[in-house]
Amino acid sequence: MSSLAVSDDHADTSPPAKVIQPAWVRALHWTNAVAMVLMIMSGWQIYNASPLFNFTFSPSLTLGGWLGGGLLWHFAAMWLVMVNGLVYLILGFVTGRFRRKLLPITPDGVISDAKAALTFKLSHGDLSKYNSVQKLLYAGIIVVGLVIVLSGLSMWKPVQLYWLSALFGGYDIARYVHFTCMALIVAFLVIHVALAVLVPKSLRAMIIGR
(Lines give C-alpha, C1' and ligand atoms only; values in the text may rest on other atoms or scores of the structure.)
Protein backbone atom coordinates (compact mmCIF):
# COMPACT_ATOMS: atom_id res chain seq x y z
CA MET A 1 0.00 0.00 0.00
CA SER A 2 2.83 2.40 0.88
CA SER A 3 4.51 1.89 -2.48
CA LEU A 4 1.18 2.51 -4.22
CA ALA A 5 0.72 5.73 -2.28
CA VAL A 6 4.19 6.89 -3.21
CA SER A 7 3.46 6.13 -6.88
CA ASP A 8 0.20 8.08 -6.70
CA ASP A 9 1.91 11.05 -5.07
CA HIS A 10 4.61 11.02 -7.71
CA ALA A 11 1.99 10.94 -10.48
CA ASP A 12 0.08 13.84 -8.92
CA THR A 13 3.15 16.05 -8.59
CA SER A 14 4.57 15.43 -12.08
CA PRO A 15 4.62 18.63 -14.14
CA PRO A 16 1.99 18.94 -16.90
CA ALA A 17 3.08 18.58 -20.50
CA LYS A 18 4.36 21.84 -21.97
CA VAL A 19 1.95 23.67 -24.28
CA ILE A 20 3.69 23.99 -27.65
CA GLN A 21 0.82 25.26 -29.81
CA PRO A 22 -1.98 27.25 -28.13
CA ALA A 23 -5.59 26.55 -29.07
CA TRP A 24 -5.99 29.62 -31.27
CA VAL A 25 -2.92 28.70 -33.33
CA ARG A 26 -4.18 25.14 -33.84
CA ALA A 27 -7.67 26.29 -34.85
CA LEU A 28 -6.37 28.84 -37.34
CA HIS A 29 -3.75 26.43 -38.69
CA TRP A 30 -6.23 23.67 -39.58
CA THR A 31 -8.81 26.13 -40.89
CA ASN A 32 -6.15 27.61 -43.14
CA ALA A 33 -5.03 24.14 -44.25
CA VAL A 34 -8.52 23.28 -45.50
CA ALA A 35 -9.00 26.71 -47.08
CA MET A 36 -5.66 26.58 -48.90
CA VAL A 37 -6.39 23.15 -50.37
CA LEU A 38 -9.71 24.50 -51.68
CA MET A 39 -8.01 27.61 -53.04
CA ILE A 40 -5.25 25.68 -54.79
CA MET A 41 -7.49 23.04 -56.37
CA SER A 42 -10.08 25.58 -57.55
CA GLY A 43 -7.26 27.86 -58.71
CA TRP A 44 -5.90 25.06 -60.88
CA GLN A 45 -9.37 24.68 -62.39
CA ILE A 46 -9.39 28.39 -63.25
CA TYR A 47 -5.86 28.17 -64.63
CA ASN A 48 -6.83 25.31 -66.95
CA ALA A 49 -9.42 27.55 -68.61
CA SER A 50 -6.65 29.94 -69.72
CA PRO A 51 -3.19 28.45 -69.10
CA LEU A 52 -0.19 30.73 -68.64
CA PHE A 53 2.26 28.03 -69.63
CA ASN A 54 2.35 25.02 -71.93
CA PHE A 55 0.71 22.64 -69.45
CA THR A 56 -2.53 22.14 -67.55
CA PHE A 57 -3.36 20.41 -64.29
CA SER A 58 -5.00 17.01 -64.21
CA PRO A 59 -8.79 17.24 -63.73
CA SER A 60 -8.41 14.88 -60.77
CA LEU A 61 -6.46 17.62 -58.97
CA THR A 62 -8.91 20.44 -59.69
CA LEU A 63 -12.11 21.56 -58.00
CA GLY A 64 -15.24 22.93 -59.59
CA GLY A 65 -15.60 20.87 -62.76
CA TRP A 66 -15.50 23.90 -65.06
CA LEU A 67 -14.47 27.57 -65.04
CA GLY A 68 -17.63 28.84 -63.36
CA GLY A 69 -17.53 26.13 -60.70
CA GLY A 70 -13.84 26.78 -60.04
CA LEU A 71 -14.52 30.50 -59.62
CA LEU A 72 -17.34 29.85 -57.14
CA TRP A 73 -15.15 27.59 -55.01
CA HIS A 74 -12.22 30.01 -55.28
CA PHE A 75 -14.22 33.05 -54.17
CA ALA A 76 -15.86 31.14 -51.30
CA ALA A 77 -12.51 29.88 -50.01
CA MET A 78 -10.98 33.32 -50.59
CA TRP A 79 -13.06 34.89 -47.83
CA LEU A 80 -12.17 32.09 -45.44
CA VAL A 81 -8.45 32.56 -46.18
CA MET A 82 -8.63 36.35 -45.82
CA VAL A 83 -10.59 36.36 -42.54
CA ASN A 84 -8.56 33.51 -41.06
CA GLY A 85 -5.29 35.14 -42.16
CA LEU A 86 -6.30 38.53 -40.78
CA VAL A 87 -7.13 37.01 -37.39
CA TYR A 88 -3.80 35.16 -37.42
CA LEU A 89 -1.84 38.34 -38.19
CA ILE A 90 -3.62 40.37 -35.51
CA LEU A 91 -3.19 37.71 -32.81
CA GLY A 92 0.38 37.04 -33.93
CA PHE A 93 1.33 40.66 -33.34
CA VAL A 94 -0.86 41.29 -30.27
CA THR A 95 0.33 38.19 -28.40
CA GLY A 96 3.95 38.76 -29.40
CA ARG A 97 4.11 35.31 -31.00
CA PHE A 98 5.74 36.61 -34.18
CA ARG A 99 8.44 38.39 -32.21
CA ARG A 100 9.15 35.38 -30.01
CA LYS A 101 8.95 32.71 -32.70
CA LEU A 102 10.28 34.37 -35.85
CA LEU A 103 12.91 36.83 -34.66
CA PRO A 104 15.77 37.24 -35.04
CA ILE A 105 16.61 35.78 -38.46
CA THR A 106 20.30 35.98 -39.33
CA PRO A 107 22.16 34.79 -42.47
CA ASP A 108 24.68 32.90 -40.34
CA GLY A 109 21.92 31.13 -38.45
CA VAL A 110 20.07 30.16 -41.63
CA ILE A 111 23.24 28.81 -43.28
CA SER A 112 24.27 26.89 -40.16
CA ASP A 113 20.84 25.32 -39.61
CA ALA A 114 20.45 24.54 -43.32
CA LYS A 115 23.74 22.62 -43.28
CA ALA A 116 22.64 20.77 -40.16
CA ALA A 117 19.28 19.91 -41.76
CA LEU A 118 20.91 18.59 -44.94
CA THR A 119 23.20 16.34 -42.89
CA PHE A 120 20.32 15.20 -40.63
CA LYS A 121 21.99 16.77 -37.59
CA LEU A 122 19.40 19.44 -36.87
CA SER A 123 17.94 19.04 -33.39
CA HIS A 124 14.17 18.96 -32.85
CA GLY A 125 14.36 18.51 -29.10
CA ASP A 126 12.52 21.72 -28.18
CA LEU A 127 9.51 22.22 -30.43
CA SER A 128 8.67 25.51 -28.73
CA LYS A 129 11.65 27.13 -30.50
CA TYR A 130 11.99 27.44 -34.27
CA ASN A 131 15.37 26.99 -35.89
CA SER A 132 16.59 29.65 -38.32
CA VAL A 133 15.40 27.76 -41.40
CA GLN A 134 11.91 27.45 -39.93
CA LYS A 135 11.89 31.15 -39.04
CA LEU A 136 12.82 32.08 -42.59
CA LEU A 137 10.25 29.75 -44.14
CA TYR A 138 7.40 30.83 -41.85
CA ALA A 139 8.17 34.53 -42.17
CA GLY A 140 8.56 34.14 -45.92
CA ILE A 141 5.27 32.31 -46.37
CA ILE A 142 3.45 35.08 -44.50
CA VAL A 143 4.83 37.59 -47.02
CA VAL A 144 3.92 35.29 -49.91
CA GLY A 145 0.42 34.94 -48.48
CA LEU A 146 -0.03 38.70 -48.41
CA VAL A 147 1.21 39.05 -52.00
CA ILE A 148 -1.04 36.28 -53.33
CA VAL A 149 -4.09 37.85 -51.67
CA LEU A 150 -3.30 41.30 -53.06
CA SER A 151 -2.55 40.00 -56.55
CA GLY A 152 -5.76 37.96 -56.44
CA LEU A 153 -7.79 41.02 -55.47
CA SER A 154 -6.19 43.01 -58.28
CA MET A 155 -7.37 40.37 -60.77
CA TRP A 156 -10.80 40.02 -59.20
CA LYS A 157 -11.58 43.76 -59.35
CA PRO A 158 -9.13 45.22 -61.90
CA VAL A 159 -11.35 48.28 -62.55
CA GLN A 160 -12.45 49.10 -59.01
CA LEU A 161 -8.98 48.35 -57.64
CA TYR A 162 -7.13 49.82 -60.60
CA TRP A 163 -4.42 51.24 -58.33
CA LEU A 164 -3.72 47.76 -56.95
CA SER A 165 -3.67 46.25 -60.42
CA ALA A 166 -1.27 49.01 -61.52
CA LEU A 167 0.96 48.18 -58.56
CA PHE A 168 1.49 44.72 -60.06
CA GLY A 169 2.05 46.12 -63.54
CA GLY A 170 -1.40 45.29 -64.86
CA TYR A 171 -3.76 42.32 -64.97
CA ASP A 172 -1.54 40.05 -67.06
CA ILE A 173 1.54 40.46 -64.87
CA ALA A 174 -0.61 40.04 -61.75
CA ARG A 175 -1.56 36.59 -63.08
CA TYR A 176 2.08 35.57 -63.26
CA VAL A 177 2.71 36.94 -59.76
CA HIS A 178 -0.33 35.06 -58.48
CA PHE A 179 0.81 31.82 -60.11
CA THR A 180 4.35 32.19 -58.75
CA CYS A 181 3.04 32.72 -55.23
CA MET A 182 0.80 29.67 -55.61
CA ALA A 183 3.81 27.58 -56.65
CA LEU A 184 5.77 28.82 -53.61
CA ILE A 185 2.88 27.95 -51.29
CA VAL A 186 2.58 24.45 -52.78
CA ALA A 187 6.34 23.95 -52.35
CA PHE A 188 6.05 25.14 -48.75
CA LEU A 189 3.18 22.74 -48.08
CA VAL A 190 5.17 19.81 -49.49
CA ILE A 191 8.14 20.65 -47.24
CA HIS A 192 5.84 21.30 -44.29
CA VAL A 193 4.09 17.93 -44.61
CA ALA A 194 7.40 16.10 -45.17
CA LEU A 195 8.84 17.60 -41.98
CA ALA A 196 5.69 16.68 -40.06
CA VAL A 197 6.16 13.07 -41.19
CA LEU A 198 9.86 13.11 -40.26
CA VAL A 199 9.16 14.74 -36.87
CA PRO A 200 5.74 13.29 -35.89
CA LYS A 201 5.74 14.92 -32.45
CA SER A 202 5.41 18.28 -34.21
CA LEU A 203 2.17 17.05 -35.81
CA ARG A 204 0.99 15.80 -32.43
CA ALA A 205 1.65 19.24 -30.94
CA MET A 206 -0.42 20.87 -33.69
CA ILE A 207 -3.32 18.50 -32.95
CA ILE A 208 -3.43 18.43 -29.15
CA GLY A 209 -1.14 21.36 -28.37
CA ARG A 210 1.37 19.43 -26.23
# chains A, B, ... in the order shown; residues from 1 in each chain; ligands from 1
>>> select_by_dssp(residues="range 60-147 of chain A", states="alpha helix (DSSP H)", output="ChimeraX atom specification")
/A:67-94,97-102,107-118,132-147
>>> residues_around(residues="Met155 in chain A", least_positions_apart="5", cutoff="7 Å", atoms="only C-alpha atoms", output="VMD selection string")
chain A and resid 165 171 174
>>> write_last_selection(atoms="C-alpha atoms", output="PDB file, in the first residue's frame")
ATOM      1  CA  SER A 165      -3.669  46.252 -60.420  1.00  0.00           C
ATOM      2  CA  TYR A 171      -3.762  42.322 -64.971  1.00  0.00           C
ATOM      3  CA  ALA A 174      -0.615  40.039 -61.755  1.00  0.00           C
TER       4      ALA A 174
END
>>> closest_atom_pairs(of="range 130-150 of chain A", to="range 97-109 of chain A", cutoff="12 Å", atoms="only C-alpha atoms", output="JSON lines")
{"residue": "A:Tyr130", "atom": "CA", "partner": "A:Lys101", "partner_atom": "CA", "distance": 6.3}
{"residue": "A:Asn131", "atom": "CA", "partner": "A:Gly109", "partner_atom": "CA", "distance": 8.2}
{"residue": "A:Ser132", "atom": "CA", "partner": "A:Gly109", "partner_atom": "CA", "distance": 5.5}
{"residue": "A:Val133", "atom": "CA", "partner": "A:Gly109", "partner_atom": "CA", "distance": 7.9}
{"residue": "A:Gln134", "atom": "CA", "partner": "A:Leu102", "partner_atom": "CA", "distance": 8.2}
{"residue": "A:Lys135", "atom": "CA", "partner": "A:Leu102", "partner_atom": "CA", "distance": 4.8}
{"residue": "A:Leu136", "atom": "CA", "partner": "A:Ile105", "partner_atom": "CA", "distance": 6.7}
{"residue": "A:Leu137", "atom": "CA", "partner": "A:Leu102", "partner_atom": "CA", "distance": 9.5}
{"residue": "A:Tyr138", "atom": "CA", "partner": "A:Leu102", "partner_atom": "CA", "distance": 7.5}
{"residue": "A:Ala139", "atom": "CA", "partner": "A:Leu102", "partner_atom": "CA", "distance": 6.7}
{"residue": "A:Gly140", "atom": "CA", "partner": "A:Leu102", "partner_atom": "CA", "distance": 10.2}
{"residue": "A:Ile141", "atom": "CA", "partner": "A:Leu102", "partner_atom": "CA", "distance": 11.8}
{"residue": "A:Ile142", "atom": "CA", "partner": "A:Phe98", "partner_atom": "CA", "distance": 10.7}
>>> write_last_selection(atoms="N, CA, C and O atoms", output="PDB file, in the first residue's frame")
ATOM      1  N   TYR A 130      11.736  27.689 -32.853  1.00  0.00           N
ATOM      2  CA  TYR A 130      11.988  27.439 -34.267  1.00  0.00           C
ATOM      3  C   TYR A 130      13.466  27.635 -34.574  1.00  0.00           C
ATOM      4  O   TYR A 130      14.096  28.559 -34.060  1.00  0.00           O
ATOM      5  N   ASN A 131      14.011  26.759 -35.425  1.00  0.00           N
ATOM      6  CA  ASN A 131      15.373  26.994 -35.887  1.00  0.00           C
ATOM      7  C   ASN A 131      15.342  28.086 -36.965  1.00  0.00           C
ATOM      8  O   ASN A 131      14.267  28.513 -37.415  1.00  0.00           O
ATOM      9  N   SER A 132      16.517  28.518 -37.396  1.00  0.00           N
ATOM     10  CA  SER A 132      16.594  29.653 -38.323  1.00  0.00           C
ATOM     11  C   SER A 132      15.934  29.368 -39.661  1.00  0.00           C
ATOM     12  O   SER A 132      15.346  30.261 -40.285  1.00  0.00           O
ATOM     13  N   VAL A 133      16.030  28.128 -40.130  1.00  0.00           N
ATOM     14  CA  VAL A 133      15.397  27.761 -41.399  1.00  0.00           C
ATOM     15  C   VAL A 133      13.877  27.847 -41.268  1.00  0.00           C
ATOM     16  O   VAL A 133      13.185  28.359 -42.160  1.00  0.00           O
ATOM     17  N   GLN A 134      13.341  27.354 -40.164  1.00  0.00           N
ATOM     18  CA  GLN A 134      11.907  27.447 -39.927  1.00  0.00           C
ATOM     19  C   GLN A 134      11.462  28.901 -39.852  1.00  0.00           C
ATOM     20  O   GLN A 134      10.432  29.280 -40.417  1.00  0.00           O
ATOM     21  N   LYS A 135      12.225  29.722 -39.148  1.00  0.00           N
ATOM     22  CA  LYS A 135      11.890  31.147 -39.039  1.00  0.00           C
ATOM     23  C   LYS A 135      11.803  31.792 -40.416  1.00  0.00           C
ATOM     24  O   LYS A 135      10.867  32.541 -40.712  1.00  0.00           O
ATOM     25  N   LEU A 136      12.800  31.496 -41.253  1.00  0.00           N
ATOM     26  CA  LEU A 136      12.825  32.079 -42.595  1.00  0.00           C
ATOM     27  C   LEU A 136      11.641  31.601 -43.425  1.00  0.00           C
ATOM     28  O   LEU A 136      10.989  32.403 -44.120  1.00  0.00           O
ATOM     29  N   LEU A 137      11.349  30.304 -43.359  1.00  0.00           N
ATOM     30  CA  LEU A 137      10.247  29.752 -44.139  1.00  0.00           C
ATOM     31  C   LEU A 137       8.901  30.305 -43.679  1.00  0.00           C
ATOM     32  O   LEU A 137       8.062  30.697 -44.503  1.00  0.00           O
ATOM     33  N   TYR A 138       8.687  30.358 -42.356  1.00  0.00           N
ATOM     34  CA  TYR A 138       7.403  30.831 -41.848  1.00  0.00           C
ATOM     35  C   TYR A 138       7.213  32.321 -42.088  1.00  0.00           C
ATOM     36  O   TYR A 138       6.118  32.769 -42.446  1.00  0.00           O
ATOM     37  N   ALA A 139       8.267  33.097 -41.896  1.00  0.00           N
ATOM     38  CA  ALA A 139       8.174  34.534 -42.173  1.00  0.00           C
ATOM     39  C   ALA A 139       7.969  34.765 -43.660  1.00  0.00           C
ATOM     40  O   ALA A 139       7.163  35.619 -44.067  1.00  0.00           O
ATOM     41  N   GLY A 140       8.678  33.995 -44.477  1.00  0.00           N
ATOM     42  CA  GLY A 140       8.557  34.144 -45.922  1.00  0.00           C
ATOM     43  C   GLY A 140       7.179  33.788 -46.435  1.00  0.00           C
ATOM     44  O   GLY A 140       6.632  34.479 -47.302  1.00  0.00           O
ATOM     45  N   ILE A 141       6.578  32.733 -45.885  1.00  0.00           N
ATOM     46  CA  ILE A 141       5.269  32.305 -46.372  1.00  0.00           C
ATOM     47  C   ILE A 141       4.188  33.297 -45.969  1.00  0.00           C
ATOM     48  O   ILE A 141       3.156  33.423 -46.661  1.00  0.00           O
ATOM     49  N   ILE A 142       4.387  34.023 -44.871  1.00  0.00           N
ATOM     50  CA  ILE A 142       3.446  35.079 -44.501  1.00  0.00           C
ATOM     51  C   ILE A 142       3.473  36.188 -45.549  1.00  0.00           C
ATOM     52  O   ILE A 142       2.422  36.686 -45.986  1.00  0.00           O
TER      53      ILE A 142
END
>>> atom_distance(atom1="CA of Phe53 in chain A", atom2="CA of Cys181 in chain A")
15.2 Å
>>> residues_around(residues="range 59-75 of chain A", least_positions_apart="4", cutoff="10 Å", atoms="only C-alpha atoms", output="ChimeraX atom specification")
/A:35-50,79-81,156
>>> residues_around(residues="range 147-150 of chain A", least_positions_apart="5", cutoff="8 Å", atoms="only C-alpha atoms", output="NGL selection string")
:A and (82 or 164 or 177-178 or 181-182)
>>> write_last_selection(atoms="N, CA, C and O atoms", output="short mmCIF file (atom, residue, chain, number, x, y, z; two decimals), in the first residue's frame")
data_model
loop_
_atom_site.label_atom_id
_atom_site.label_comp_id
_atom_site.auth_asym_id
_atom_site.auth_seq_id
_atom_site.Cartn_x
_atom_site.Cartn_y
_atom_site.Cartn_z
N MET A 82 -8.88 34.96 -46.20
CA MET A 82 -8.63 36.35 -45.82
C MET A 82 -9.00 36.61 -44.36
O MET A 82 -8.22 37.23 -43.62
N LEU A 164 -4.38 48.99 -57.38
CA LEU A 164 -3.72 47.76 -56.95
C LEU A 164 -3.24 46.97 -58.15
O LEU A 164 -2.14 46.41 -58.14
N VAL A 177 2.35 36.80 -61.18
CA VAL A 177 2.71 36.94 -59.76
C VAL A 177 1.88 35.98 -58.92
O VAL A 177 2.40 35.30 -58.03
N HIS A 178 0.59 35.93 -59.21
CA HIS A 178 -0.33 35.06 -58.48
C HIS A 178 0.07 33.60 -58.63
O HIS A 178 0.10 32.84 -57.64
N CYS A 181 3.31 32.84 -56.66
CA CYS A 181 3.04 32.72 -55.23
C CYS A 181 2.37 31.39 -54.92
O CYS A 181 2.67 30.76 -53.90
N MET A 182 1.45 30.97 -55.80
CA MET A 182 0.80 29.67 -55.61
C MET A 182 1.83 28.55 -55.61
O MET A 182 1.79 27.64 -54.77
#
>>> atom_distance(atom1="CA of Gly209 in chain A", atom2="CA of Val19 in chain A")
5.6 Å
